[in-house]
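Participant: Dropping in input-v5.cif, with mmCIF, C-alpha atoms.
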data_work
#
loop_
_atom_site.label_atom_id
_atom_site.label_comp_id
_atom_site.auth_asym_id
_atom_site.auth_seq_id
_atom_site.Cartn_x
_atom_site.Cartn_y
_atom_site.Cartn_z
CA MET A 145 -4.96 -15.65 -4.33
CA ALA A 146 -5.53 -13.72 -1.12
CA LEU A 147 -2.90 -11.59 0.61
CA ALA A 148 0.18 -13.69 1.20
CA GLY A 149 0.41 -13.20 4.98
CA ARG A 150 -1.45 -12.03 8.08
CA ALA A 151 -0.14 -8.45 7.97
CA ALA A 152 0.60 -5.73 5.45
CA LEU A 153 2.32 -2.38 5.10
CA ALA A 154 0.26 0.02 2.97
CA MET A 155 1.72 3.38 1.91
CA TRP A 156 0.78 6.33 -0.26
CA TRP A 157 2.92 9.27 -1.32
CA ASP A 158 3.47 11.74 -4.15
CA ILE A 159 6.53 11.79 -6.42
CA ALA A 160 7.12 14.71 -8.78
CA PRO A 161 7.31 13.83 -12.51
CA GLN A 162 10.93 14.95 -12.88
CA VAL A 163 12.02 12.55 -10.11
CA ARG A 164 9.86 9.57 -11.11
CA PRO A 165 12.27 7.85 -13.58
CA ASP A 166 15.04 7.79 -10.97
CA PHE A 167 12.56 6.77 -8.28
CA GLU A 168 11.19 3.85 -10.33
CA HIS A 169 14.68 2.58 -11.13
CA TRP A 170 15.66 2.74 -7.46
CA HIS A 171 12.41 1.27 -6.20
CA ALA A 172 12.48 -1.75 -8.52
CA HIS A 173 16.21 -2.49 -8.53
CA GLU A 174 17.36 -1.54 -5.04
CA HIS A 175 14.48 -0.89 -2.67
CA PHE A 176 12.21 -3.86 -3.42
CA PRO A 177 15.13 -6.33 -3.34
CA GLU A 178 16.31 -4.79 -0.07
CA ARG A 179 12.89 -5.04 1.57
CA LEU A 180 12.09 -8.50 0.20
CA ALA A 181 15.37 -9.82 1.64
CA ILE A 182 14.01 -9.11 5.15
CA PRO A 183 12.53 -12.25 6.74
CA GLY A 184 8.74 -12.05 6.69
CA PHE A 185 8.42 -9.75 3.64
CA LEU A 186 6.57 -12.00 1.21
CA ARG A 187 5.40 -9.90 -1.74
CA ALA A 188 5.59 -6.26 -2.82
CA SER A 189 3.61 -4.25 -5.35
CA ARG A 190 3.87 -0.67 -6.56
CA TRP A 191 0.97 1.18 -8.16
CA GLN A 192 0.78 4.53 -9.93
CA SER A 193 -2.12 6.96 -9.83
CA ALA A 194 -4.78 6.27 -12.46
CA GLU A 195 -6.16 9.77 -11.94
CA GLY A 196 -3.38 11.69 -13.65
CA GLY A 197 -1.67 12.82 -10.46
CA GLU A 198 1.68 12.19 -8.79
CA GLY A 199 0.35 9.55 -6.39
CA THR A 200 2.02 6.21 -5.67
CA PHE A 201 0.62 3.31 -3.66
CA VAL A 202 2.85 0.54 -2.32
CA LEU A 203 1.71 -2.65 -0.61
CA TYR A 204 4.00 -5.06 1.21
CA GLU A 205 2.47 -8.39 2.22
CA LEU A 206 3.98 -9.69 5.46
CA ALA A 207 4.03 -13.00 7.31
CA ASP A 208 2.73 -11.35 10.49
CA HIS A 209 2.63 -8.00 12.26
CA ALA A 210 5.75 -8.78 14.29
CA VAL A 211 7.83 -8.34 11.12
CA LEU A 212 7.25 -4.59 11.45
CA ARG A 213 9.23 -4.46 14.69
CA SER A 214 11.82 -7.11 13.82
CA PRO A 215 15.53 -6.27 14.25
CA ALA A 216 16.16 -6.93 10.54
CA TYR A 217 13.51 -4.43 9.44
CA LEU A 218 14.51 -1.78 11.97
CA ALA A 219 18.12 -2.12 10.86
CA ARG A 220 17.14 -1.30 7.28
CA LEU A 221 14.97 1.67 8.33
CA ASN A 222 17.90 3.13 10.23
CA ALA A 223 20.59 2.51 7.60
CA PRO A 224 19.31 3.96 4.33
CA THR A 225 21.58 3.52 1.32
CA PRO A 226 23.00 6.57 -0.47
CA TRP A 227 20.38 6.15 -3.20
CA SER A 228 17.60 5.93 -0.60
CA THR A 229 19.01 8.94 1.23
CA ARG A 230 18.81 10.97 -1.95
CA LEU A 231 15.24 9.93 -2.84
CA MET A 232 13.49 9.77 0.55
CA PRO A 233 13.08 13.58 0.78
CA HIS A 234 11.07 13.42 -2.48
CA HIS A 235 8.42 11.17 -0.86
CA ARG A 236 5.77 13.83 -0.22
CA LYS A 237 2.47 13.58 1.69
CA MET A 238 3.36 10.17 3.09
CA VAL A 239 0.54 8.04 4.54
CA ARG A 240 1.91 4.87 6.15
CA CYS A 241 -0.26 2.14 7.66
CA GLN A 242 1.19 -0.88 9.49
CA CYS A 243 -1.67 -3.32 9.38
CA HIS A 244 -3.23 -6.55 10.49
CA VAL A 245 -5.19 -8.33 7.77
CA LEU A 246 -8.84 -8.48 8.84
CA GLU A 247 -10.37 -9.89 5.64
CA SER A 248 -8.83 -11.04 2.36
CA ARG A 249 -10.64 -12.54 -0.60
CA GLY A 250 -9.44 -13.09 -4.14
CA GLY A 251 -6.53 -11.67 -6.09
CA VAL A 252 -4.12 -8.88 -5.24
CA THR A 253 -1.91 -7.96 -8.21
CA ALA A 254 -4.56 -7.26 -10.83
CA ARG A 255 -4.39 -4.43 -13.39
CA SER A 256 -6.13 -1.82 -11.24
CA ALA A 257 -6.70 -1.07 -7.58
CA LEU A 258 -9.12 1.05 -5.61
CA THR A 259 -7.79 2.03 -2.19
CA ILE A 260 -10.02 3.47 0.52
CA ARG A 261 -8.66 4.95 3.74
CA LEU A 262 -11.44 4.92 6.29
CA ALA A 263 -12.36 4.56 9.95
CA PRO A 264 -15.27 2.90 11.78
CA ALA A 265 -17.79 5.21 13.37
CA ALA A 266 -17.89 5.04 17.17
CA GLY A 267 -19.30 1.69 18.28
CA SER A 268 -19.67 0.42 14.70
CA GLU A 269 -16.45 -1.54 14.14
CA ALA A 270 -18.08 -4.99 14.25
CA ARG A 271 -20.96 -3.92 11.99
CA LEU A 272 -18.63 -2.35 9.44
CA ARG A 273 -16.35 -5.36 9.36
CA LEU A 274 -19.29 -7.73 8.92
CA GLY A 275 -20.66 -5.64 6.06
CA LEU A 276 -17.31 -5.49 4.28
CA ARG A 277 -16.77 -9.22 4.79
CA GLY A 278 -20.07 -9.94 3.09
CA LEU A 279 -19.23 -7.61 0.24
CA ALA A 280 -15.81 -9.22 -0.21
CA GLU A 281 -17.37 -12.65 -0.46
CA SER A 282 -19.82 -11.55 -3.15
CA ALA A 283 -17.83 -8.97 -5.11
CA CYS A 284 -14.85 -11.16 -6.00
CA ALA A 285 -16.98 -13.21 -8.43
CA ARG A 286 -18.28 -10.19 -10.33
CA PRO A 287 -17.03 -9.23 -13.81
CA GLY A 288 -14.01 -6.97 -13.56
CA ILE A 289 -13.34 -7.54 -9.85
CA ALA A 290 -10.52 -9.81 -8.66
CA GLY A 291 -10.23 -9.30 -4.89
CA LEU A 292 -11.06 -7.25 -1.83
CA HIS A 293 -8.86 -6.89 1.23
CA LEU A 294 -9.48 -5.14 4.57
CA LEU A 295 -6.61 -4.02 6.83
CA ARG A 296 -6.49 -2.44 10.29
CA HIS A 297 -3.64 -0.11 11.25
CA GLU A 298 -1.72 -0.76 14.46
CA PRO A 299 1.60 1.08 14.68
CA PRO A 300 4.31 -0.93 16.43
CA PRO A 301 6.03 0.90 19.28
CA MET A 302 9.15 2.52 17.84
CA GLU A 303 10.87 5.87 17.65
CA ALA A 304 11.23 7.83 14.42
CA THR A 305 13.66 6.07 12.09
CA ALA A 306 16.41 7.50 9.91
CA GLU A 307 14.24 7.07 6.80
CA GLN A 308 11.34 8.94 8.40
CA ARG A 309 13.64 11.79 9.42
CA LEU A 310 14.80 12.05 5.80
CA ARG A 311 11.18 12.47 4.70
CA GLY A 312 10.76 15.36 7.14
CA LEU A 313 7.18 15.63 8.43
CA ALA A 314 5.68 12.81 10.47
CA ASP A 315 3.82 10.23 8.40
CA ASP A 316 0.02 10.26 8.40
CA ALA A 317 -2.01 7.08 8.85
CA ALA A 318 -5.53 5.72 8.43
CA GLU A 319 -7.34 3.48 10.92
CA TRP A 320 -8.54 1.02 8.28
CA VAL A 321 -7.50 0.38 4.69
CA LEU A 322 -9.64 -1.29 2.04
CA VAL A 323 -8.01 -2.44 -1.20
CA ALA A 324 -10.20 -3.65 -4.06
CA CYS A 325 -8.33 -5.12 -7.05
CA GLY A 326 -9.60 -5.82 -10.53
CA TYR A 327 -8.88 -6.14 -14.22
CA ASP A 328 -11.53 -3.56 -15.19
CA ARG A 329 -11.04 -0.04 -13.85
CA ALA A 330 -14.65 0.83 -14.65
CA ALA A 331 -15.89 -1.97 -12.38
CA LEU A 332 -13.83 -0.57 -9.51
CA ALA A 333 -15.05 2.95 -10.26
CA ALA A 334 -18.63 1.71 -10.06
CA LEU A 335 -17.94 0.26 -6.61
CA ALA A 336 -16.59 3.64 -5.48
CA HIS A 337 -19.37 5.77 -6.98
CA THR A 338 -20.37 8.40 -4.43
CA GLY A 339 -24.12 7.96 -4.80
CA GLU A 340 -24.67 4.38 -5.94
CA GLY A 341 -21.50 2.39 -5.37
CA GLU A 342 -21.33 -0.23 -2.64
CA LEU A 343 -18.02 1.27 -1.52
CA GLY A 344 -18.97 4.90 -2.05
CA GLU A 345 -19.11 7.21 0.94
CA ARG A 346 -22.88 6.96 1.35
CA ALA A 347 -22.82 3.15 1.42
CA LEU A 348 -19.81 2.98 3.73
CA VAL A 349 -21.38 5.37 6.24
CA ALA A 350 -24.58 3.33 6.18
CA MET A 351 -22.46 0.25 6.84
CA GLY A 352 -20.83 1.84 9.90
CA ALA A 353 -17.93 3.94 8.63
CA ALA A 354 -17.17 7.46 9.76
CA ALA A 355 -17.73 10.22 7.21
CA GLY A 356 -14.87 11.24 4.95
CA PRO A 357 -13.28 8.06 3.52
CA VAL A 358 -10.51 8.76 1.01
CA HIS A 359 -10.86 6.96 -2.34
CA ARG A 360 -7.95 6.62 -4.78
CA HIS A 361 -7.54 4.70 -8.04
CA PHE A 362 -4.24 3.15 -9.16
CA ASP A 363 -2.76 1.06 -11.97
CA LEU A 364 -0.23 -1.70 -11.28
CA ALA A 365 3.35 -0.70 -12.10
CA TYR A 366 5.40 -3.59 -10.69
CA ALA A 367 5.05 -6.56 -8.35
CA ALA A 368 7.64 -8.99 -7.02
CA THR A 369 8.41 -11.67 -4.48
CA ALA A 370 11.77 -12.38 -2.86
CA ALA A 371 12.46 -15.10 -5.44
CA ASP A 372 11.73 -12.67 -8.29
CA VAL A 373 14.31 -10.10 -7.20
CA ALA A 374 17.09 -12.33 -5.87
CA GLY A 375 20.34 -11.02 -7.28
CA ILE A 376 18.81 -7.92 -8.90
CA ALA A 377 20.26 -5.47 -6.39
CA ALA A 378 23.82 -6.65 -7.03
CA ALA A 379 23.37 -6.38 -10.80
CA ALA A 380 21.63 -2.98 -10.85
CA ALA A 381 23.38 -0.06 -12.45
CA ALA A 382 25.00 2.39 -10.07
CA PRO A 383 22.68 5.31 -9.28
CA PRO A 384 23.50 8.52 -11.15
CA ALA A 385 25.58 10.99 -9.19
CA GLY A 386 24.19 14.16 -7.71
CA PRO A 387 20.80 15.12 -6.32
CA ALA A 388 17.61 14.30 -8.19
CA ALA A 389 16.05 17.22 -10.01
#
Taking this structure as input, can you express it in the form of structure tokens?

Facilitator:
Amino acid sequence: MALAGRAALAMWWDIAPQVRPDFEHWHAHEHFPERLAIPGFLRASRWQSAEGGEGTFVLYELADHAVLRSPAYLARLNAPTPWSTRLMPHHRKMVRCQCHVLESRGGVTARSALTIRLAPAAGSEARLRLGLRGLAESACARPGIAGLHLLRHEPPPMEATAEQRLRGLADDAAEWVLVACGYDRAALAALAHTGEGELGERALVAMGAAAGPVHRHFDLAYAATAADVAGIAAAAAAPPAGPAA
């Protein structure tokens, strides 16, 4: 199926190996249930770097872009739990994109994902979108590929939140986000190949993208909807005392 709503929140950050077990417990058993209880949060997925690094990719699928400035969401951002307060400073190199869905074809929560952070070259937005739309329509039927989704970042007007202040430095962002999902990592890698791939830098620039897109590969760690996590937060074990290592 395509993305569940008309908007999405796409985020990347690094988590050190010694913190990851605590982070994954918190993220699955407190943070996802907390976020998915907010009206308009439809589905959440967490992905871990397939490249041997510390990278994490998280995608929230939202009913519409207004969810990102809703009172319920802002209340959560400004009232982090003790567990969140302890772990937020360990979210390093945060990239956070609050997006409209421009194109969405095929599946989302497949085994592997290729994410590309990119921007249109000056005057080439329509051409780039048309090219990626055509690719999405054709690629989803290929062996190994499940879906392709194009997002455009538009930050809602808001001041820095309590969670952002815990992370320290201001979050980075990308103008556009492309997420290709599949059950065969090699098929996604072929799409991203620098010289020959249809989503490699050379092809994207020819299609109308600015130079320097950022490609990352991830494996699915966990995905949930609000129905999946109902009641989990209340039943989760209490977080261990003291700061994470």

Participant: Just say which residues the PyMOL selection byres ((chain A and resi 320-328) around 9) picks in this file, as an MDAnalysis selection string.

Facilitator: chainID A and resid 154 241 243 250:264 280 284 287:297 317:319 329:333

Participant: Selection in question (the file shown): the PyMOL selection byres ((chain A and resi 222) around 9). Which residues does it include, as a PyMOL selection string?

Facilitator: chain A and resi 217-221+223-224+305-308

Participant: I need the chosen residues saved as a PDB file, in the coordinates of the input, with C-alpha atoms.

Facilitator:
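See part_21.pdb below for the written result:
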ATOM      1  CA  TYR A 217      13.510  -4.430   9.440  1.00  0.00           C
ATOM      2  CA  LEU A 218      14.510  -1.780  11.970  1.00  0.00           C
ATOM      3  CA  ALA A 219      18.120  -2.120  10.860  1.00  0.00           C
ATOM      4  CA  ARG A 220      17.140  -1.300   7.280  1.00  0.00           C
ATOM      5  CA  LEU A 221      14.970   1.670   8.330  1.00  0.00           C
ATOM      6  CA  ALA A 223      20.590   2.510   7.600  1.00  0.00           C
ATOM      7  CA  PRO A 224      19.310   3.960   4.330  1.00  0.00           C
ATOM      8  CA  THR A 305      13.660   6.070  12.090  1.00  0.00           C
ATOM      9  CA  ALA A 306      16.410   7.500   9.910  1.00  0.00           C
ATOM     10  CA  GLU A 307      14.240   7.070   6.800  1.00  0.00           C
ATOM     11  CA  GLN A 308      11.340   8.940   8.400  1.00  0.00           C
TER      12      GLN A 308
END

Participant: So, counting all atoms listed in the file, which residue among A:Ser214, A:Ser228, A:Thr200, A:Ser189 is closest to Ala370 in chain A?

Facilitator: A:Ser189

Participant: Write out as a Markdown table the residues of range 312-367 of chain A that have any atom within 10 Å of an atom of range 168-181 of chain A, one row each with the nearest atom pair and its distance in Å to one decimal, counting only C-alpha atoms, sorted by chain and then rising number.

Facilitator:
| residue | atom | partner | partner_atom | distance |
| --- | --- | --- | --- | --- |
| A:Ala365 | CA | A:Glu168 | CA | 9.2 |
| A:Tyr366 | CA | A:Ala172 | CA | 7.6 |
| A:Ala367 | CA | A:Ala172 | CA | 8.9 |

Participant: Just to confirm, what's the straight-line distance from CA of Ser282 in chain A to CA of Thr369 in chain A in Å (one decimal)?

Facilitator: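 So the two atoms, CA of Ser282 in chain A and CA of Thr369 in chain A, lie 28.3 Å apart.
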
Participant: Just how far from CA of Ala207 in chain A is CA of Leu335 in chain A, in Å to one decimal?

Facilitator: 29.2 Å

Participant: Nearest to Leu246 in chain A: which of A:Ala160, A:Val349, A:Leu147, A:Ala210 is it, counting only C-alpha atoms?

Facilitator: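 Comparing A:Ala160, A:Val349, A:Leu147, A:Ala210 against Leu246 in chain A, the winner is A:Leu147.
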
Participant: Name the residues that the PyMOL selection byres ((chain A and resi 342) around 12) picks from the file above, as a list in words, using the file's chain letters and numbers.

Facilitator: Gly275, Leu276, Gly278, Leu279, Ala280, Ser282, Ala283, Ala324, Ala331, Leu332, Ala333, Ala334, Leu335, Ala336, His337, Thr338, Gly339, Glu340, Gly341, Leu343, Gly344, Glu345, Arg346, Ala347, Leu348, Val349, Ala350 and Met351 of chain A

Participant: Could you write those residues out with C-alpha atoms, as a compact mmCIF listing (two decimals), in the frame of the given file?

Facilitator:
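part_36.txt, written as the output of this step:
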# COMPACT_ATOMS: atom_id res chain seq x y z
CA GLY A 275 -20.66 -5.64 6.06
CA LEU A 276 -17.31 -5.49 4.28
CA GLY A 278 -20.07 -9.94 3.09
CA LEU A 279 -19.23 -7.61 0.24
CA ALA A 280 -15.81 -9.22 -0.21
CA SER A 282 -19.82 -11.55 -3.15
CA ALA A 283 -17.83 -8.97 -5.11
CA ALA A 324 -10.20 -3.65 -4.06
CA ALA A 331 -15.89 -1.97 -12.38
CA LEU A 332 -13.83 -0.57 -9.51
CA ALA A 333 -15.05 2.95 -10.26
CA ALA A 334 -18.63 1.71 -10.06
CA LEU A 335 -17.94 0.26 -6.61
CA ALA A 336 -16.59 3.64 -5.48
CA HIS A 337 -19.37 5.77 -6.98
CA THR A 338 -20.37 8.40 -4.43
CA GLY A 339 -24.12 7.96 -4.80
CA GLU A 340 -24.67 4.38 -5.94
CA GLY A 341 -21.50 2.39 -5.37
CA LEU A 343 -18.02 1.27 -1.52
CA GLY A 344 -18.97 4.90 -2.05
CA GLU A 345 -19.11 7.21 0.94
CA ARG A 346 -22.88 6.96 1.35
CA ALA A 347 -22.82 3.15 1.42
CA LEU A 348 -19.81 2.98 3.73
CA VAL A 349 -21.38 5.37 6.24
CA ALA A 350 -24.58 3.33 6.18
CA MET A 351 -22.46 0.25 6.84

Participant: Work out how far apart CA of Pro357 in chain A and CA of Lys237 in chain A are and give it in Å to one decimal.

Facilitator: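 Pair CA of Pro357 in chain A / CA of Lys237 in chain A returns 16.8 Å.
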
Participant: Which of these residues is nearest to Ser193 in chain A, using only C-alpha atoms: A:Pro300, A:Pro215, A:Gly312, A:Pro161?

Facilitator: A:Pro161

Participant: What's the 8 Å shell around His235 in chain A, counting all atoms listed in the file, without same-chain residues fewer than 3 positions away, as a ChimeraX atom specification?

Facilitator: /A:157-159,231-232,238,311

Participant: Put a box with edges along x, y and z around all the listed atoms of range 329-348 of chain A, pad it by 3 Å on each side, then give me its centre and sizes in Å, one decimal, as AutoDock Vina command-line options.

Facilitator:
--center_x -17.9 --center_y 3.2 --center_z -5.5 --size_x 19.6 --size_y 16.4 --size_z 24.4

Participant: Can you take the partial range 196-222 of chain A, add N, CA and C atoms, and return it as a short mmCIF file (atom, residue, chain, number, x, y, z; two decimals), in the coordinates of the input?

Facilitator:
data_model
loop_
_atom_site.label_atom_id
_atom_site.label_comp_id
_atom_site.auth_asym_id
_atom_site.auth_seq_id
_atom_site.Cartn_x
_atom_site.Cartn_y
_atom_site.Cartn_z
N GLY A 196 -4.18 10.65 -13.04
CA GLY A 196 -3.38 11.69 -13.65
C GLY A 196 -2.54 12.50 -12.69
N GLY A 197 -2.43 12.07 -11.45
CA GLY A 197 -1.67 12.82 -10.46
C GLY A 197 -0.30 12.21 -10.22
N GLU A 198 0.33 12.63 -9.14
CA GLU A 198 1.68 12.19 -8.79
C GLU A 198 1.67 11.04 -7.78
N GLY A 199 0.49 10.51 -7.47
CA GLY A 199 0.35 9.55 -6.39
C GLY A 199 0.94 8.18 -6.69
N THR A 200 1.49 7.57 -5.65
CA THR A 200 2.02 6.21 -5.67
C THR A 200 1.43 5.45 -4.50
N PHE A 201 1.09 4.20 -4.73
CA PHE A 201 0.62 3.31 -3.66
C PHE A 201 1.52 2.09 -3.65
N VAL A 202 2.00 1.72 -2.47
CA VAL A 202 2.85 0.54 -2.32
C VAL A 202 2.27 -0.36 -1.25
N LEU A 203 2.24 -1.66 -1.54
CA LEU A 203 1.71 -2.65 -0.61
C LEU A 203 2.74 -3.74 -0.41
N TYR A 204 3.17 -3.93 0.83
CA TYR A 204 4.00 -5.06 1.21
C TYR A 204 3.14 -6.07 1.96
N GLU A 205 3.18 -7.32 1.54
CA GLU A 205 2.47 -8.39 2.22
C GLU A 205 3.44 -9.12 3.14
N LEU A 206 3.07 -9.25 4.41
CA LEU A 206 3.98 -9.69 5.46
C LEU A 206 3.47 -10.96 6.13
N ALA A 207 4.41 -11.77 6.63
CA ALA A 207 4.03 -13.00 7.31
C ALA A 207 3.15 -12.72 8.51
N ASP A 208 3.53 -11.74 9.33
CA ASP A 208 2.73 -11.35 10.49
C ASP A 208 3.15 -9.95 10.91
N HIS A 209 2.40 -9.39 11.85
CA HIS A 209 2.63 -8.00 12.26
C HIS A 209 3.96 -7.83 12.98
N ALA A 210 4.49 -8.88 13.58
CA ALA A 210 5.75 -8.78 14.29
C ALA A 210 6.91 -8.43 13.37
N VAL A 211 6.78 -8.70 12.08
CA VAL A 211 7.83 -8.34 11.12
C VAL A 211 8.13 -6.85 11.17
N LEU A 212 7.10 -6.04 11.47
CA LEU A 212 7.25 -4.59 11.45
C LEU A 212 8.06 -4.05 12.63
N ARG A 213 8.36 -4.88 13.59
CA ARG A 213 9.23 -4.46 14.69
C ARG A 213 10.43 -5.39 14.82
N SER A 214 10.71 -6.15 13.77
CA SER A 214 11.82 -7.11 13.82
C SER A 214 13.16 -6.36 13.73
N PRO A 215 14.21 -6.91 14.33
CA PRO A 215 15.53 -6.27 14.25
C PRO A 215 16.00 -6.09 12.81
N ALA A 216 15.71 -7.04 11.93
CA ALA A 216 16.16 -6.93 10.54
C ALA A 216 15.50 -5.74 9.84
N TYR A 217 14.22 -5.55 10.07
CA TYR A 217 13.51 -4.43 9.44
C TYR A 217 13.97 -3.10 10.03
N LEU A 218 14.07 -3.01 11.34
CA LEU A 218 14.51 -1.78 11.97
C LEU A 218 15.93 -1.40 11.53
N ALA A 219 16.77 -2.40 11.32
CA ALA A 219 18.12 -2.12 10.86
C ALA A 219 18.11 -1.45 9.50
N ARG A 220 17.22 -1.91 8.60
CA ARG A 220 17.14 -1.30 7.28
C ARG A 220 16.58 0.12 7.37
N LEU A 221 15.56 0.33 8.20
CA LEU A 221 14.97 1.67 8.33
C LEU A 221 15.97 2.68 8.86
N ASN A 222 16.93 2.21 9.62
CA ASN A 222 17.90 3.13 10.23
C ASN A 222 19.25 3.14 9.53
#
